[in-house]
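S.K.: One structure, as structure tokens, below. Some questions next.
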Amino acid sequence: MPIRTRPTTWRTLATAATAALTATLLTPAAADAAPQDSRPVHSYADAVREAVWVDTGLDEDRDGRTDRVAVDIVRPREAARKGRKVPVIMDASPYYSCCGRGNESQTKTYDGNGDIVRMPLFYDNFFVPRGYAVVGVDLAGTSRSDGCVDVGGRSDIRSAKAVVDWLNGRAKAYSSRTGGEPVRADWTDGSTGMIGKSWDGTIANGVAATGVEGLKTIVPIAAISTWYDYYFSQGAPLYGSGPDRLARYVQTPEARESCAEVARELVDGAPRTGDRTPLWTARDYVRAAKKVRASVFLVHGMQDLNVRMQHVGPWWDALGKNGVRRKIWLSQTGHVDPFDFRRAEWVRTLHRWFDHELKGIDNGIDREPVADIERAPDEWVTSAAWPPRGTHTVTLRPARGAQDGVGTLGRRPGRSTATFTDDPALGETDWAPRIDTPTPEKAGFVTRPLTRGLRLAGSSRVTVTVTPSTPTAHLSAVLVDLGPDTVRDYGDAGEGIVTLPERTCWGPSTEGDSSCYRETRAKTADVGHTVVSRGWADLGEHAGTGRGEPLVPGKRYTLTLDLAATDHVVPRGHRLALIVAGTDRGLIDPPADTPTLTLDLARTSARVPFVGGAAAFARATSGPPVTAARTAPDGVRPPATAHRVPGETR
């Protein structure tokens with residue numbers, strides 16, 4: 001359990017945390033019962049702290065010698081003295097020196113010998129006393145490593161995979177960046193778990209997709225599963241720049257000078273047209289899901305507008321199709337680590353997960369519900385499977401309503417058309433509050449007020465048939481819960497959390513590495529609607545070839561938009577809405593033209609996964625009339641338009 005403190009010195013916090021952990025060990029119940037978890041029996045203060053450089057076998061910086069990546073290690077000294085081998089928890093990151101990790105932006109610090117003093121985050125403080133080694137890897141081209149950053153490509157993934165290979169005796173490491181003595185990892189049993197948020201978690205996904213032996217589990221938090229979907233959505237650009245900017249952001253000055261060729265490849269291979277190129281194929285881990293041997297504990301914010309929920313559905317489904325053991329947490333936050341939105345339960349669950357996957361302790365976590373979903377701020381529910389058993393896709397159809405521009409959504413096919421004109425100055429937070437008012441920039445369709453709650457779980461698809469007036473057009477499709485609620489304020493700078501001055505401690509500390517972190521609480525907003533799921537596309541991608549083409553004004557096109565996975569309950573009295581529009585301000589870039597689009601309602605539909613399927617939808621939209629819950633302006637701020645960096649925020 002954590003120790004709650006007011007701000008004080010690290011030495012005092014270390015003493016308090018150590019005393020609490022020792023007291024736990026001395027209770028009679030703990031002494032008599034068979035251990036169901038690893039115990040903090042090793043000294044953190046006396047842990048072995050060392051650095052090695054692992055040879056990746058690549059020469060990405062073209063200097064005539066193979067690149068070496070820096071690996072900082074903290075491991076229990078007592079286990080080494082007794083010849084007991086320990087498993088490894090590894091976080092491979094580009095952020096250890098440039099940007100920092102976690103809510104407090106911690107960077108690595110070193111002593112005069114170059115050995116690690118502060119390893120960012122709580123992992124080493126908590127897990128080393130429990131018989132784990134914690135390893136922090138500087139990706140190639142960052143911090144103390146050679147090589148080049150290639151943003152999820154061969155160099156990035158080999159940086160971490162080579163370390164897994166070294167931990168299992170299949171790669172070479174040395175005591176210095178150049179020259180040095182060979183170093184063997186004879187202190188580990190080779191069982192490795194990778195963890196990390198955003199880019200770090202993305203590397204875990206990519207390494208798992210190589211099928212490397214010895215990687216037993218990964219815990220990707222708010223992670224990318226295919227890099228194309230970080231920059232584009234079915235051809236529609238999400239940001240005004242490409243992976244070359246991201247490489248420059250994190251790599252060392254030396255790498256910027258020596259990696260010009262790699263930078264040029266990132267520019268040439270990722271054209272802003274949105275075409276799918278070999279560069280993107282090489283960074284698509286979903287395609288390689290059949291190689292994954294490791295179990296996966298996936299964590300993501302359902303309102304993450306940095307690494308969006310589009311990265312969850314296809315990856316989760318592909319892993320399940322290939323028999324991978326999975327667990328998932330879905331929060332209401334944006335791009336936030338679970339340590340900062342559900343701290344105590346996160347540490348407890350992560351501890352049990354690593355104990356089971358890396359130490360083989362039968363603690364029952366594999367027999368517990370697969371999914372934890374945040375239904376309201378700090379209110380969680382579980383599902384034995386995800387999506388839940390009994391979830392079936394239902395086809396909903398938009399139809400013309402009593403007044404132009406305000407349509408209905410139900411099971412019967414619609415007729416006629418709806419017309420809207422792209423307005424890049426507006427987006428989902430403008431469209432939804434005006435759902436009952438005809439406005440020129442959107443087409444909106446709503447169900448009747450629900451007579452009972454209706455749960456969506458999984459990924460939706462919206463097929464539209466539209467006629468554009470210009471050679472270019474972008475489309476957005478949004479599912480919205482219309483009705484008042486209190487949600488985490490994901491549009492705020494904290495993306496759903498507020499950081500507090502009080503600290504809690506998670507393991508022992510040293511003078512140079514505190515285990516004590518500032519607490520948080522939920523930052524909430526009262527809203528009149530909740531965006532449930534989103535999808536975007538370039539209409540020029542209608543053929544599904546991966547290459548956009550100019551449109552013929554006046555010609556009819558059919559396109560299916562893939563909407564992000566979600567888990568949401570639309571309550572009784574609320575309405576479910578489908579909005580089809582053009583540019584979603586702050587979330588996709590506008591097209592070159594300003595098109596007017598005519599939507600053929602008879603050839604437009606939404607396939608939505610409901611728990612209980614068509615019968616559940618029928619029950620929720622039938623029966624005596626229910627007064628509609630009043631909608632109001634959204635209390636969540638519109639998405640920011642600035643380009644983000646995965647891991648740069650919370």
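Simple scheme: letters A, B, ... for chains in structure tokens order, numbers from 1 for residues in each chain, numbers from 1 for ligands in the order shown.
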DSSP on the backbone, strand (DSSP E) only: what residues of range 419-488 of chain A does that give? Format it as a PyMOL selection string.

M.R.: chain A and resi 419-421+442-446+454-458+461-468+474-488

S.K.: Go through range 238-333 of chain A and flag each residue having an atom no more than 9 Å from range 564-567 of chain A; for those, report the closest pair of atoms plus their distance in Å to one decimal, using only C-alpha atoms, ordered by chain and rising number, as a tab-separated table.

M.R.:
```
residue	atom	partner	partner_atom	distance
A:Met302	CA	A:Thr566	CA	6.4
A:Arg308	CA	A:Ala564	CA	7.8
A:Met309	CA	A:Ala564	CA	5.2
A:Gln310	CA	A:Ala564	CA	4.5
A:His311	CA	A:Ala564	CA	7.9
A:Val312	CA	A:Ala565	CA	6.6
A:Gly313	CA	A:Ala565	CA	5.2
A:Pro314	CA	A:Ala565	CA	8.6
A:Leu330	CA	A:Asp567	CA	8.0
```

S.K.: Can I get the residues of range 348-388 of chain A within 12 Å of range 121-129 of chain A, each with the closest pair of atoms and their distance in Å to one decimal, using only C-alpha atoms, sorted chain first then ascending number, as JSON lines?

M.R.:
```
{"residue": "A:Arg348", "atom": "CA", "partner": "A:Phe126", "partner_atom": "CA", "distance": 10.8}
{"residue": "A:Leu350", "atom": "CA", "partner": "A:Tyr123", "partner_atom": "CA", "distance": 10.1}
{"residue": "A:His351", "atom": "CA", "partner": "A:Phe127", "partner_atom": "CA", "distance": 8.0}
{"residue": "A:Arg352", "atom": "CA", "partner": "A:Phe127", "partner_atom": "CA", "distance": 11.2}
{"residue": "A:Phe354", "atom": "CA", "partner": "A:Phe127", "partner_atom": "CA", "distance": 9.5}
{"residue": "A:Asp355", "atom": "CA", "partner": "A:Phe127", "partner_atom": "CA", "distance": 10.0}
{"residue": "A:Leu358", "atom": "CA", "partner": "A:Phe127", "partner_atom": "CA", "distance": 12.0}
```

S.K.: Which residues come within 8 Å of Asp538 in chain A, counting only C-alpha atoms, excluding same-chain residues fewer than 2 positions away, as JSON, numbers by chain?

M.R.: {"A": [233, 234, 235, 236, 472, 473, 474, 475, 536, 540, 541, 542, 548]}

S.K.: Save out the residues we just selected, C-alpha atoms, as a PDB file, in the first residue's frame.

M.R.:
```
ATOM      1  CA  SER A 233      -7.112   8.318 -40.944  1.00  0.00           C
ATOM      2  CA  GLN A 234      -8.008   6.611 -44.212  1.00  0.00           C
ATOM      3  CA  GLY A 235      -6.059   9.236 -46.141  1.00  0.00           C
ATOM      4  CA  ALA A 236      -7.200  12.268 -44.128  1.00  0.00           C
ATOM      5  CA  THR A 472     -11.224  17.003 -52.836  1.00  0.00           C
ATOM      6  CA  ALA A 473     -13.296  16.251 -49.752  1.00  0.00           C
ATOM      7  CA  HIS A 474     -12.769  14.970 -46.221  1.00  0.00           C
ATOM      8  CA  LEU A 475     -15.459  13.279 -44.154  1.00  0.00           C
ATOM      9  CA  TRP A 536     -12.430  10.314 -40.472  1.00  0.00           C
ATOM     10  CA  GLY A 540     -10.477  10.183 -52.464  1.00  0.00           C
ATOM     11  CA  GLU A 541      -9.681   6.887 -50.672  1.00  0.00           C
ATOM     12  CA  HIS A 542     -13.106   5.478 -51.572  1.00  0.00           C
ATOM     13  CA  GLY A 548      -6.162   8.733 -52.957  1.00  0.00           C
TER      14      GLY A 548
END
```

S.K.: List as a compact mmCIF listing (two decimals) with all heavy atoms, in the first residue's frame the protein and nucleic acid residues near range 572-574 of chain A, meaning an atom at most 7 Å away when only C-alpha atoms are counted, but skip any in the same chain fewer than 2 places from it.

M.R.:
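Below you can see out_13.txt, which holds the result:
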```
# COMPACT_ATOMS: atom_id res chain seq x y z
N PRO A 449 -35.80 9.21 -27.72
CA PRO A 449 -35.24 9.03 -26.38
C PRO A 449 -35.35 7.57 -25.95
O PRO A 449 -36.41 6.92 -26.11
CB PRO A 449 -36.11 9.94 -25.51
CG PRO A 449 -36.62 10.98 -26.44
CD PRO A 449 -36.82 10.27 -27.75
N LEU A 450 -34.27 7.03 -25.41
CA LEU A 450 -34.24 5.61 -25.07
C LEU A 450 -35.11 5.32 -23.84
O LEU A 450 -35.13 6.10 -22.88
CB LEU A 450 -32.80 5.17 -24.79
CG LEU A 450 -31.79 5.36 -25.93
CD1 LEU A 450 -30.44 4.76 -25.53
CD2 LEU A 450 -32.28 4.75 -27.24
N THR A 451 -35.78 4.20 -23.89
CA THR A 451 -36.60 3.77 -22.75
C THR A 451 -35.80 2.94 -21.75
O THR A 451 -36.30 2.63 -20.67
CB THR A 451 -37.80 2.96 -23.24
OG1 THR A 451 -37.33 1.82 -24.00
CG2 THR A 451 -38.71 3.81 -24.11
N ARG A 452 -34.61 2.56 -22.13
CA ARG A 452 -33.69 1.86 -21.24
C ARG A 452 -32.27 2.07 -21.75
O ARG A 452 -32.07 2.45 -22.89
CB ARG A 452 -34.01 0.37 -21.14
CG ARG A 452 -33.90 -0.38 -22.44
CD ARG A 452 -34.24 -1.86 -22.24
NE ARG A 452 -35.66 -2.03 -21.96
CZ ARG A 452 -36.19 -3.19 -21.52
NH1 ARG A 452 -35.40 -4.24 -21.30
NH2 ARG A 452 -37.48 -3.29 -21.31
N GLY A 453 -31.29 1.83 -20.86
CA GLY A 453 -29.90 2.03 -21.25
C GLY A 453 -29.48 1.09 -22.37
O GLY A 453 -29.97 -0.04 -22.49
N ASP A 481 -23.71 10.54 -27.69
CA ASP A 481 -24.73 10.34 -26.67
C ASP A 481 -25.27 11.72 -26.31
O ASP A 481 -24.56 12.56 -25.76
CB ASP A 481 -24.08 9.66 -25.45
CG ASP A 481 -24.99 9.57 -24.24
OD1 ASP A 481 -26.08 10.15 -24.25
OD2 ASP A 481 -24.58 8.92 -23.25
N LEU A 482 -26.55 11.97 -26.63
CA LEU A 482 -27.17 13.27 -26.38
C LEU A 482 -27.90 13.24 -25.05
O LEU A 482 -28.89 12.53 -24.88
CB LEU A 482 -28.15 13.61 -27.50
CG LEU A 482 -27.55 13.75 -28.90
CD1 LEU A 482 -28.65 13.86 -29.94
CD2 LEU A 482 -26.63 14.95 -28.98
N GLY A 483 -27.38 13.98 -24.09
CA GLY A 483 -27.97 14.04 -22.77
C GLY A 483 -26.94 14.48 -21.76
O GLY A 483 -25.73 14.36 -21.99
N VAL A 570 -25.43 4.44 -23.29
CA VAL A 570 -26.34 5.58 -23.49
C VAL A 570 -27.51 5.38 -22.53
O VAL A 570 -28.26 4.41 -22.66
CB VAL A 570 -26.84 5.63 -24.94
CG1 VAL A 570 -27.70 6.88 -25.16
CG2 VAL A 570 -25.66 5.64 -25.93
N LEU A 576 -29.20 8.54 -29.06
CA LEU A 576 -27.98 8.25 -29.80
C LEU A 576 -28.04 8.97 -31.13
O LEU A 576 -29.05 8.88 -31.84
CB LEU A 576 -27.83 6.74 -30.02
CG LEU A 576 -26.60 6.30 -30.83
CD1 LEU A 576 -25.31 6.63 -30.09
CD2 LEU A 576 -26.67 4.80 -31.12
N VAL A 626 -40.62 8.56 -23.81
CA VAL A 626 -39.81 9.07 -22.70
C VAL A 626 -39.40 10.49 -23.04
O VAL A 626 -39.04 10.79 -24.18
CB VAL A 626 -38.57 8.18 -22.49
CG1 VAL A 626 -37.63 8.79 -21.46
CG2 VAL A 626 -38.98 6.78 -22.07
N THR A 627 -39.47 11.37 -22.06
CA THR A 627 -39.04 12.74 -22.28
C THR A 627 -37.53 12.78 -22.52
O THR A 627 -36.75 12.20 -21.75
CB THR A 627 -39.38 13.63 -21.08
OG1 THR A 627 -40.80 13.57 -20.86
CG2 THR A 627 -38.94 15.06 -21.31
N ALA A 628 -37.14 13.46 -23.56
CA ALA A 628 -35.72 13.53 -23.89
C ALA A 628 -34.96 14.32 -22.84
O ALA A 628 -35.43 15.37 -22.38
CB ALA A 628 -35.52 14.17 -25.26
N ALA A 629 -33.80 13.79 -22.43
CA ALA A 629 -32.93 14.54 -21.52
C ALA A 629 -32.43 15.79 -22.23
O ALA A 629 -32.09 15.76 -23.41
CB ALA A 629 -31.75 13.67 -21.10
```

S.K.: For Val299 in chain A, which residue out of A:Ala263, A:Leu319, A:Ile224, A:Met119 is the nearest one, using only C-alpha atoms?

M.R.: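 Using only C-alpha atoms, the shortest distance to Val299 in chain A belongs to A:Ile224.
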
S.K.: Between A:Thr395, A:Thr417, A:Thr210, A:Ser93, which has the minimum distance to Leu599 in chain A (counting only C-alpha atoms)?

M.R.: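 So, comparing all the options, the nearest one is A:Thr417.
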